[in-house]
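Asks: One file is attached below, run.cif, containing mmCIF, C-alpha atoms.
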data_run
loop_
_atom_site.group_PDB
_atom_site.id
_atom_site.type_symbol
_atom_site.label_atom_id
_atom_site.label_comp_id
_atom_site.auth_asym_id
_atom_site.auth_seq_id
_atom_site.Cartn_x
_atom_site.Cartn_y
_atom_site.Cartn_z
ATOM 1 C CA MET A 172 -14.852 -7.223 13.236
ATOM 2 C CA GLN A 173 -18.350 -6.919 11.814
ATOM 3 C CA LEU A 174 -21.431 -6.164 13.858
ATOM 4 C CA GLY A 175 -24.464 -8.477 13.596
ATOM 5 C CA GLU A 176 -27.985 -7.193 13.232
ATOM 6 C CA GLY A 177 -28.661 -7.324 16.968
ATOM 7 C CA SER A 178 -25.444 -5.500 17.745
ATOM 8 C CA ALA A 179 -26.222 -2.823 15.182
ATOM 9 C CA SER A 180 -29.651 -2.153 16.676
ATOM 10 C CA TYR A 181 -28.134 -2.093 20.180
ATOM 11 C CA SER A 182 -25.500 0.387 18.991
ATOM 12 C CA ALA A 183 -28.158 2.619 17.435
ATOM 13 C CA HIS A 184 -30.214 2.415 20.628
ATOM 14 C CA SER A 185 -27.162 3.342 22.739
ATOM 15 C CA LEU A 186 -26.468 6.301 20.486
ATOM 16 C CA TRP A 187 -30.084 7.460 20.847
ATOM 17 C CA LEU A 188 -29.849 7.173 24.638
ATOM 18 C CA PHE A 189 -26.570 9.075 24.640
ATOM 19 C CA GLN A 190 -27.983 11.866 22.471
ATOM 20 C CA SER A 191 -31.122 12.039 24.644
ATOM 21 C CA SER A 192 -28.945 12.313 27.750
ATOM 22 C CA LEU A 193 -26.993 15.168 26.184
ATOM 23 C CA ILE A 194 -30.236 16.972 25.349
ATOM 24 C CA HIS A 195 -31.484 16.564 28.927
ATOM 25 C CA ILE A 196 -28.153 17.732 30.353
ATOM 26 C CA THR A 197 -28.203 20.778 28.048
ATOM 27 C CA ILE A 198 -31.778 21.648 29.058
ATOM 28 C CA LEU A 199 -30.958 21.189 32.752
ATOM 29 C CA PHE A 200 -27.827 23.335 32.374
ATOM 30 C CA PHE A 201 -29.867 26.085 30.700
ATOM 31 C CA LEU A 202 -32.594 25.950 33.367
ATOM 32 C CA ILE A 203 -30.014 26.246 36.154
ATOM 33 C CA LYS A 204 -28.429 29.249 34.429
ATOM 34 C CA GLN A 205 -31.885 30.797 33.928
ATOM 35 C CA GLU A 206 -32.663 30.373 37.614
ATOM 36 C CA ARG A 207 -29.367 31.962 38.684
ATOM 37 C CA ALA A 208 -30.012 34.867 36.314
ATOM 38 C CA ARG A 209 -33.557 35.256 37.693
ATOM 39 C CA LEU A 210 -32.286 35.376 41.280
ATOM 40 C CA LEU A 211 -29.667 37.992 40.404
ATOM 41 C CA ARG A 212 -32.177 40.115 38.449
ATOM 42 C CA GLY A 213 -34.584 39.954 41.385
ATOM 43 C CA GLN A 214 -32.154 41.518 43.842
ATOM 44 C CA SER A 215 -32.492 45.120 44.930
ATOM 45 C CA VAL A 216 -29.613 47.363 43.827
ATOM 46 C CA GLN A 217 -27.129 48.089 46.611
ATOM 47 C CA GLN A 218 -25.393 51.461 46.850
ATOM 48 C CA VAL A 219 -21.708 50.666 47.457
ATOM 49 C CA GLY A 220 -19.625 53.207 49.339
ATOM 50 C CA PRO A 221 -15.943 53.942 48.725
ATOM 51 C CA GLN A 222 -14.513 52.166 51.783
ATOM 52 C CA GLY A 223 -12.623 49.065 50.696
ATOM 53 C CA LEU A 224 -13.865 49.411 47.106
ATOM 54 C CA LEU A 225 -11.830 49.108 43.937
ATOM 55 C CA TYR A 226 -13.963 50.446 41.082
ATOM 56 C CA VAL A 227 -13.154 49.046 37.642
ATOM 57 C CA GLN A 228 -13.839 51.190 34.586
ATOM 58 C CA GLN A 229 -14.382 50.093 30.987
ATOM 59 C CA ARG A 230 -11.364 48.236 29.520
ATOM 60 C CA GLU A 231 -9.802 47.792 32.960
ATOM 61 C CA LEU A 232 -9.298 44.679 35.040
ATOM 62 C CA ALA A 233 -8.391 44.229 38.673
ATOM 63 C CA VAL A 234 -7.500 41.080 40.562
ATOM 64 C CA THR A 235 -6.907 40.378 44.235
ATOM 65 C CA SER A 236 -7.578 37.740 46.901
ATOM 66 C CA PRO A 237 -9.064 37.443 50.406
ATOM 67 C CA LYS A 238 -5.562 38.075 51.813
ATOM 68 C CA ASP A 239 -5.802 41.696 50.635
ATOM 69 C CA GLY A 240 -5.888 44.019 53.645
ATOM 70 C CA SER A 241 -7.082 47.017 51.625
ATOM 71 C CA ILE A 242 -9.654 45.820 49.100
ATOM 72 C CA SER A 243 -12.766 43.863 50.020
ATOM 73 C CA ILE A 244 -15.010 44.715 47.032
ATOM 74 C CA LEU A 245 -14.470 44.867 43.275
ATOM 75 C CA GLY A 246 -17.200 46.489 41.211
ATOM 76 C CA SER A 247 -18.228 48.139 37.960
ATOM 77 C CA ASP A 248 -21.395 49.592 36.453
ATOM 78 C CA ASP A 249 -22.746 51.646 33.509
ATOM 79 C CA ALA A 250 -22.688 48.492 31.363
ATOM 80 C CA THR A 251 -25.245 48.605 28.552
ATOM 81 C CA THR A 252 -23.970 46.468 25.661
ATOM 82 C CA CYS A 253 -20.785 45.821 27.691
ATOM 83 C CA HIS A 254 -20.386 42.733 29.896
ATOM 84 C CA ILE A 255 -18.890 42.585 33.384
ATOM 85 C CA VAL A 256 -16.821 39.436 33.879
ATOM 86 C CA VAL A 257 -15.846 37.881 37.203
ATOM 87 C CA LEU A 258 -13.363 34.989 37.243
ATOM 88 C CA ARG A 259 -12.623 33.373 40.598
ATOM 89 C CA HIS A 260 -10.521 30.473 41.836
ATOM 90 C CA THR A 261 -12.446 28.690 44.574
ATOM 91 C CA GLY A 262 -9.277 27.338 46.199
ATOM 92 C CA ASN A 263 -7.306 30.508 46.923
ATOM 93 C CA GLY A 264 -10.166 32.980 46.409
ATOM 94 C CA ALA A 265 -8.241 34.972 43.791
ATOM 95 C CA THR A 266 -10.853 37.094 42.018
ATOM 96 C CA CYS A 267 -10.674 39.137 38.819
ATOM 97 C CA LEU A 268 -13.336 41.616 37.700
ATOM 98 C CA THR A 269 -13.256 43.332 34.336
ATOM 99 C CA HIS A 270 -15.536 45.483 32.160
ATOM 100 C CA CYS A 271 -15.444 44.205 28.556
ATOM 101 C CA ASP A 272 -16.791 46.154 25.574
ATOM 102 C CA GLY A 273 -15.905 43.757 22.751
ATOM 103 C CA THR A 274 -12.937 45.740 21.456
ATOM 104 C CA ASP A 275 -10.528 42.788 21.514
ATOM 105 C CA THR A 276 -12.114 39.882 23.375
ATOM 106 C CA LYS A 277 -9.628 37.409 21.914
ATOM 107 C CA ALA A 278 -6.742 39.211 23.637
ATOM 108 C CA GLU A 279 -8.674 40.131 26.789
ATOM 109 C CA VAL A 280 -9.723 36.644 27.943
ATOM 110 C CA PRO A 281 -6.087 35.401 28.189
ATOM 111 C CA LEU A 282 -5.309 38.557 30.211
ATOM 112 C CA ILE A 283 -8.131 37.677 32.603
ATOM 113 C CA MET A 284 -6.887 34.087 32.862
ATOM 114 C CA ASN A 285 -3.257 35.127 33.459
ATOM 115 C CA SER A 286 -4.288 37.599 36.145
ATOM 116 C CA ILE A 287 -5.681 34.710 38.227
ATOM 117 C CA LYS A 288 -2.720 32.450 37.452
ATOM 118 C CA SER A 289 -0.341 35.141 38.739
ATOM 119 C CA PHE A 290 -1.227 34.075 42.290
ATOM 120 C CA SER A 291 1.413 31.526 43.276
ATOM 121 C CA ASP A 292 -0.990 29.161 45.055
ATOM 122 C CA HIS A 293 -3.232 28.844 41.982
ATOM 123 C CA ALA A 294 -2.444 25.135 41.744
ATOM 124 C CA GLN A 295 -4.066 24.326 45.100
ATOM 125 C CA SER A 296 -7.382 22.461 45.151
ATOM 126 C CA GLY A 297 -10.358 24.306 43.792
ATOM 127 C CA ARG A 298 -11.733 25.268 40.416
ATOM 128 C CA LEU A 299 -12.089 28.293 38.156
ATOM 129 C CA GLU A 300 -15.583 29.787 38.066
ATOM 130 C CA VAL A 301 -16.727 32.501 35.683
ATOM 131 C CA HIS A 302 -19.704 34.846 35.979
ATOM 132 C CA LEU A 303 -20.928 36.910 33.002
ATOM 133 C CA VAL A 304 -23.380 39.779 33.533
ATOM 134 C CA GLY A 305 -24.559 42.565 31.215
ATOM 135 C CA GLY A 306 -25.880 43.428 27.798
ATOM 136 C CA PHE A 307 -29.463 43.279 26.547
ATOM 137 C CA SER A 308 -31.411 42.689 23.324
ATOM 138 C CA ASP A 309 -30.068 45.774 21.573
ATOM 139 C CA ASP A 310 -31.020 46.622 17.986
ATOM 140 C CA ARG A 311 -27.482 46.197 16.660
ATOM 141 C CA GLN A 312 -27.011 42.833 18.439
ATOM 142 C CA LEU A 313 -23.726 44.054 19.919
ATOM 143 C CA SER A 314 -24.563 42.390 23.245
ATOM 144 C CA GLN A 315 -25.273 39.078 21.567
ATOM 145 C CA LYS A 316 -21.998 39.272 19.651
ATOM 146 C CA LEU A 317 -20.022 39.988 22.845
ATOM 147 C CA THR A 318 -21.740 37.135 24.708
ATOM 148 C CA HIS A 319 -20.745 34.698 21.950
ATOM 149 C CA GLN A 320 -17.184 36.051 21.849
ATOM 150 C CA LEU A 321 -16.672 35.665 25.596
ATOM 151 C CA LEU A 322 -18.154 32.166 25.768
ATOM 152 C CA SER A 323 -16.109 31.083 22.757
ATOM 153 C CA GLU A 324 -12.819 32.477 24.081
ATOM 154 C CA PHE A 325 -13.263 31.005 27.574
ATOM 155 C CA ASP A 326 -14.090 27.671 25.934
ATOM 156 C CA LYS A 327 -10.773 27.800 24.036
ATOM 157 C CA GLN A 328 -8.677 28.085 27.216
ATOM 158 C CA GLU A 329 -6.673 25.051 28.314
ATOM 159 C CA ASP A 330 -7.959 25.249 31.902
ATOM 160 C CA ASP A 331 -11.318 23.857 32.958
ATOM 161 C CA ILE A 332 -13.600 26.851 33.549
ATOM 162 C CA HIS A 333 -17.028 26.411 35.106
ATOM 163 C CA LEU A 334 -19.718 28.831 33.965
ATOM 164 C CA VAL A 335 -21.687 29.612 37.131
ATOM 165 C CA THR A 336 -23.610 32.803 36.328
ATOM 166 C CA LEU A 337 -24.929 33.719 32.885
ATOM 167 C CA CYS A 338 -27.084 36.851 33.060
ATOM 168 C CA VAL A 339 -26.407 38.390 29.664
ATOM 169 C CA THR A 340 -28.222 39.720 26.592
ATOM 170 C CA GLU A 341 -31.717 38.090 26.455
ATOM 171 C CA LEU A 342 -31.397 36.963 30.100
ATOM 172 C CA ASN A 343 -30.712 40.571 31.168
ATOM 173 C CA ASP A 344 -33.334 42.268 29.014
ATOM 174 C CA ARG A 345 -36.510 44.179 29.794
ATOM 175 C CA GLU A 346 -38.901 45.805 27.357
ATOM 176 C CA GLU A 347 -40.744 49.074 27.860
ATOM 177 C CA ASN A 348 -42.838 50.821 25.194
ATOM 178 C CA GLU A 349 -41.286 48.541 22.568
ATOM 179 C CA ASN A 350 -37.775 49.632 23.583
ATOM 180 C CA HIS A 351 -35.263 47.288 25.192
ATOM 181 C CA PHE A 352 -33.087 48.028 28.254
ATOM 182 C CA PRO A 353 -30.666 46.125 30.470
ATOM 183 C CA ILE A 354 -32.053 45.054 33.831
ATOM 184 C CA ILE A 355 -28.639 44.960 35.532
ATOM 185 C CA TYR A 356 -26.174 47.768 34.790
ATOM 186 C CA GLY A 357 -23.627 47.041 37.510
ATOM 187 C CA ILE A 358 -22.411 44.382 39.929
ATOM 188 C CA ALA A 359 -20.006 44.041 42.839
ATOM 189 C CA VAL A 360 -18.187 41.007 44.185
ATOM 190 C CA ASN A 361 -17.175 40.584 47.815
ATOM 191 C CA ILE A 362 -13.626 39.195 47.765
ATOM 192 C CA LYS A 363 -13.949 37.571 51.180
ATOM 193 C CA THR A 364 -17.343 35.850 50.753
ATOM 194 C CA ALA A 365 -17.490 35.485 46.906
ATOM 195 C CA GLU A 366 -20.987 37.032 46.948
ATOM 196 C CA ILE A 367 -21.963 38.735 43.669
ATOM 197 C CA TYR A 368 -24.760 41.288 43.809
ATOM 198 C CA ARG A 369 -26.373 44.134 41.870
ATOM 199 C CA ALA A 370 -24.689 47.427 42.682
ATOM 200 C CA THR A 371 -24.264 51.093 41.923
ATOM 201 C CA PHE A 372 -21.342 53.245 43.048
ATOM 202 C CA GLN A 373 -20.967 56.744 44.457
ATOM 203 C CA ASP A 374 -17.243 56.874 43.842
ATOM 204 C CA ARG A 375 -15.616 55.783 40.564
ATOM 205 C CA GLY A 376 -12.146 57.072 41.298
ATOM 206 C CA PRO A 377 -9.431 57.787 41.782
ATOM 207 C CA GLU A 378 -8.554 59.741 38.602
ATOM 208 C CA GLU A 379 -11.954 58.928 37.109
ATOM 209 C CA GLU A 380 -11.632 61.367 34.177
ATOM 210 C CA LEU A 381 -8.077 60.314 33.336
ATOM 211 C CA ARG A 382 -9.017 56.642 33.243
ATOM 212 C CA ALA A 383 -12.170 57.318 31.222
ATOM 213 C CA ALA A 384 -10.158 59.440 28.765
ATOM 214 C CA ARG A 385 -7.731 56.567 28.162
ATOM 215 C CA ALA A 386 -10.603 54.262 27.245
ATOM 216 C CA LEU A 387 -12.390 56.823 25.042
ATOM 217 C CA ALA A 388 -9.101 57.514 23.246
ATOM 218 C CA GLY A 389 -8.882 53.824 22.310
ATOM 219 C CA GLY A 390 -6.659 52.347 25.008
ATOM 220 C CA PRO A 391 -6.616 48.527 25.323
ATOM 221 C CA MET A 392 -7.606 46.422 28.335
ATOM 222 C CA ILE A 393 -5.130 46.890 31.203
ATOM 223 C CA SER A 394 -4.618 45.685 34.764
ATOM 224 C CA ILE A 395 -4.775 48.549 37.273
ATOM 225 C CA TYR A 396 -4.037 46.960 40.666
ATOM 226 C CA ASP A 397 -1.019 45.314 42.284
ATOM 227 C CA ALA A 398 -2.318 42.987 44.987
ATOM 228 C CA LYS A 399 1.188 42.399 46.376
ATOM 229 C CA THR A 400 1.755 46.069 47.233
ATOM 230 C CA GLU A 401 -1.998 46.806 47.533
ATOM 231 C CA GLN A 402 -1.526 49.795 45.237
ATOM 232 C CA LEU A 403 -3.637 51.139 42.397
ATOM 233 C CA ARG A 404 -1.338 52.028 39.508
ATOM 234 C CA ILE A 405 -2.502 54.538 36.897
ATOM 235 C CA GLY A 406 -0.368 55.133 33.823
ATOM 236 C CA PRO A 407 1.776 56.376 32.441
ATOM 237 C CA TYR A 408 -0.605 56.644 29.480
ATOM 238 C CA SER A 409 -0.234 58.200 26.069
ATOM 239 C CA TRP A 410 -2.812 58.908 23.402
ATOM 240 C CA MET A 411 -3.177 60.815 20.175
ATOM 241 C CA PRO A 412 -5.244 64.032 20.194
ATOM 242 C CA PHE A 413 -8.911 63.058 20.056
ATOM 243 C CA PRO A 414 -10.239 63.661 16.512
ATOM 244 C CA HIS A 415 -12.683 66.576 16.128
ATOM 245 C CA VAL A 416 -12.899 67.132 19.885
ATOM 246 C CA ASP A 417 -14.082 70.739 19.455
ATOM 247 C CA PHE A 418 -16.801 69.628 17.059
ATOM 248 C CA TRP A 419 -18.144 67.058 19.525
ATOM 249 C CA LEU A 420 -18.089 69.531 22.405
ATOM 250 C CA GLN A 421 -20.270 71.880 20.354
ATOM 251 C CA GLN A 422 -22.955 69.237 19.747
ATOM 252 C CA ASP A 423 -26.161 69.044 21.760
ATOM 253 C CA ASP A 424 -26.977 66.160 24.088
ATOM 254 C CA LYS A 425 -29.008 64.307 21.458
ATOM 255 C CA GLN A 426 -26.121 64.277 18.957
ATOM 256 C CA ILE A 427 -23.623 63.067 21.546
ATOM 257 C CA LEU A 428 -25.993 60.349 22.723
ATOM 258 C CA GLU A 429 -26.790 59.122 19.221
ATOM 259 C CA ASN A 430 -23.213 59.176 17.926
ATOM 260 C CA LEU A 431 -21.010 58.297 20.905
ATOM 261 C CA SER A 432 -23.099 55.539 22.457
ATOM 262 C CA THR A 433 -23.588 51.941 21.317
ATOM 263 C CA SER A 434 -27.133 52.021 22.778
ATOM 264 C CA PRO A 435 -28.527 55.588 22.973
ATOM 265 C CA LEU A 436 -31.925 54.723 24.474
ATOM 266 C CA ALA A 437 -30.503 52.516 27.208
ATOM 267 C CA GLU A 438 -27.775 54.750 28.645
ATOM 268 C CA PRO A 439 -27.979 55.904 32.293
ATOM 269 C CA PRO A 440 -28.985 59.566 32.841
ATOM 270 C CA HIS A 441 -25.432 60.774 33.491
ATOM 271 C CA PHE A 442 -23.992 59.354 30.239
ATOM 272 C CA VAL A 443 -23.884 62.600 28.221
ATOM 273 C CA GLN A 444 -22.362 64.618 31.055
ATOM 274 C CA HIS A 445 -19.763 61.891 31.534
ATOM 275 C CA ILE A 446 -18.845 61.976 27.824
ATOM 276 C CA ARG A 447 -18.665 65.795 27.831
ATOM 277 C CA SER A 448 -16.344 65.902 30.837
ATOM 278 C CA THR A 449 -14.160 63.181 29.288
ATOM 279 C CA LEU A 450 -13.958 65.083 25.979
ATOM 280 C CA MET A 451 -13.035 68.263 27.858
ATOM 281 C CA PHE A 452 -10.294 66.314 29.632
ATOM 282 C CA LEU A 453 -8.962 65.025 26.300
ATOM 283 C CA LYS A 454 -8.978 68.566 24.912
ATOM 284 C CA LYS A 455 -7.117 69.891 27.957
ATOM 285 C CA TYR A 456 -4.537 67.102 27.808
ATOM 286 C CA PRO A 457 -4.002 66.225 24.112
ATOM 287 C CA SER A 458 -0.608 64.705 24.984
ATOM 288 C CA PRO A 459 -0.780 63.442 28.575
ATOM 289 C CA MET A 460 2.639 61.876 29.020
ATOM 290 C CA ASN A 461 4.547 64.967 30.175
ATOM 291 C CA MET A 462 1.568 66.906 31.523
ATOM 292 C CA LEU A 463 0.034 64.224 33.739
ATOM 293 C CA PHE A 464 2.928 61.840 34.391
ATOM 294 C CA PRO A 465 6.012 63.865 35.383
ATOM 295 C CA GLY A 466 9.177 61.893 34.838
ATOM 296 C CA ASN A 467 7.130 59.271 32.986
ATOM 297 C CA LYS A 468 6.082 57.795 36.340
ATOM 298 C CA ALA A 469 2.777 56.174 37.244
ATOM 299 C CA LEU A 470 0.289 57.751 39.635
ATOM 300 C CA LEU A 471 0.072 55.490 42.675
ATOM 301 C CA TYR A 472 -2.789 55.244 45.155
ATOM 302 C CA LYS A 473 -3.225 53.204 48.322
ATOM 303 C CA LYS A 474 -6.122 52.854 50.754
ATOM 304 C CA ASN A 475 -5.673 54.786 53.995
ATOM 305 C CA LYS A 476 -6.834 53.692 57.460
ATOM 306 C CA ASP A 477 -10.357 54.895 56.636
ATOM 307 C CA GLY A 478 -10.517 52.643 53.564
ATOM 308 C CA LEU A 479 -10.287 55.552 51.104
ATOM 309 C CA TRP A 480 -7.806 56.076 48.265
ATOM 310 C CA GLU A 481 -4.833 58.286 49.023
ATOM 311 C CA LYS A 482 -2.151 59.358 46.555
ATOM 312 C CA ILE A 483 1.378 58.239 47.408
ATOM 313 C CA SER A 484 4.738 59.206 45.992
ATOM 314 C CA PRO A 485 6.463 56.648 43.768
ATOM 315 C CA PRO A 486 9.841 55.318 44.990
ATOM 316 C CA GLY A 487 12.720 57.652 44.190
ATOM 317 C CA SER A 488 10.557 60.725 43.655
#
Output the file's structure in the form of structure tokens.

Replies:
Amino acid sequence: MQLGEGSASYSAHSLWLFQSSLIHITILFFLIKQERARLLRGQSVQQVGPQGLLYVQQRELAVTSPKDGSISILGSDDATTCHIVVLRHTGNGATCLTHCDGTDTKAEVPLIMNSIKSFSDHAQSGRLEVHLVGGFSDDRQLSQKLTHQLLSEFDKQEDDIHLVTLCVTELNDREENENHFPIIYGIAVNIKTAEIYRATFQDRGPEEELRAARALAGGPMISIYDAKTEQLRIGPYSWMPFPHVDFWLQQDDKQILENLSTSPLAEPPHFVQHIRSTLMFLKKYPSPMNMLFPGNKALLYKKNKDGLWEKISPPGS
């Protein structure tokens, strides 16, 4: 069938209207995301105590739901070029928080998705909502690259995922004396209420140095918490001896900052001390399997009645 002149002009007009609508929708979408980012940036930073907290380190993920009797808050901080990702199912409240550094985003996003799907009542009514926070306008554009990777990989998933919070890279940037810094370094999410807020943490354990050593030694993203047993599971891990560990331990703070950070000017004050203690741990335990995990068994922790982590013995030990 051929279109007459009037039909052709009508078709062109419809196309113009459609494209204009898409532009308006895109602008509106961006403005909404900007406003959400502004509100989050404008919050005061809350100091989160250890009771009921599960702290997530770099290249770790943890997932639980409001049914959890031990964990009420998931959180992470010290993100400079890294991004903190929260994925939540609004129906069952299952919530995953992870600290991504861009090492293998393509493999990590399916892990995040599967962690939420592992809850049997995932199919109930509700939707998947994702929140991305972190990064800044760094010189090497590592934040920008990670933002694009995460958005691209979530877009490739079969499930419908609704982007609710986007406070990353340029939207999380402040400038001071011509240097750029993140505004938000850390967030927490309340599992019961779904509230996400700016946060810093006194306690980053348990086994903070061991977990940090695994990441510095090149370990991949892993899940650290079993919501069914309400236990934190650490290891067993293995790693190769860290290359030139003695050399790095002999360097001054400036050398460590400039060579072992993705964003030397933007790191929090405790960064160098954290790296030194992690390097010392790697030197002390060059082969951790037998030294730290007797019988090749994981270290298990559970919250006690005071809401604090307590080491427990694995079954059969």

Asks: So that I can see what lies close to range 260-264 of chain A, please list as a PyMOL selection string the residues with an atom at most 12 Å from it, counting only C-alpha atoms and leaving out residues fewer than 6 positions away in the same chain.

Replies: chain A and resi 234-239+243+283-284+286-302+330-333+335+360-366

Asks: Need to verify the contact set: Ala388 in chain A, 12 Å, all atoms listed in the file, exclusion of same-chain residues closer than 6 positions in sequence. Can you return it as JSON, numbers by chain?

Replies: {"A": [229, 230, 380, 381, 382, 408, 409, 410, 411, 412, 413, 414, 416, 446, 449, 450, 452, 453, 454, 456, 457, 458, 459]}

Asks: For this file, the PyMOL selection byres ((chain A and resi 208) around 12) selects which residues, as a PyMOL selection string?

Replies: chain A and resi 201-207+209-214+302-305+335-344+354-355+367-369

Asks: Can you spell out as a ChimeraX atom specification the set of residues that the PyMOL selection byres ((chain A and resi 352) around 9) selects in the structure I just provided?

Replies: /A:251,306-309,343-347,350-351,353-354,436-438

Asks: Please indicate the distance in Å from CA of Met460 in chain A to CA of Glu378 in chain A, rounded to one decimal place.

Replies: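 CA of Glu378 in chain A lies at a distance of 14.9 Å from CA of Met460 in chain A.
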
Asks: How would you write, as number ranges by chain, the residues chosen by the PyMOL selection byres ((chain A and resi 475-479) around 9) on this structure?

Replies: A: 221-224, 241-242, 473-474, 480-481

Asks: Using only C-alpha atoms, which of the listed residues (A:Ser394, A:Gln426, A:Gln320, A:Ser448) sits closest to Thr274 in chain A?

Replies: A:Gln320

Asks: What gap, in Å, lies between CA of Ala383 in chain A and CA of Leu321 in chain A?

Replies: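 Separation between CA of Ala383 in chain A and CA of Leu321 in chain A: 22.8 Å.
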
Asks: In Å to one decimal, how far is CA of Cys271 in chain A from CA of Lys455 in chain A?

Replies: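 CA of Cys271 in chain A lies at a distance of 27.0 Å from CA of Lys455 in chain A.
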
Asks: Please determine an axis-aligned box that encloses all atoms of range 353-361 of chain A listed in the file, with 8 Å added on each side, and express its centre and edge lengths in Å to one decimal as AutoDock Vina command-line options.

Replies:
--center_x -24.6 --center_y 44.2 --center_z 39.1 --size_x 30.9 --size_y 23.2 --size_z 33.3

Asks: For a cut-off of 9 Å around (-13.8, 47.8, 33.7), file coordinates, pick out all residues using all atoms listed in the file and list them as a PyMOL selection string.

Replies: chain A and resi 226-233+246-248+255-256+268-272+392

Asks: With all atoms listed in the file as the basis for distance, which of A:Leu470, A:Leu428, A:Val219, A:Ala384 is at the shortest distance from Tyr396 in chain A?

Replies: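 Closest to Tyr396 in chain A, using all atoms listed in the file: A:Leu470.
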
Asks: List as number ranges by chain the protein and nucleic acid residues near Gln402 in chain A, meaning an atom at most 8 Å away when all atoms listed in the file are counted, but skip any in the same chain fewer than 2 places from it.

Replies: A: 396-400, 404, 471-474
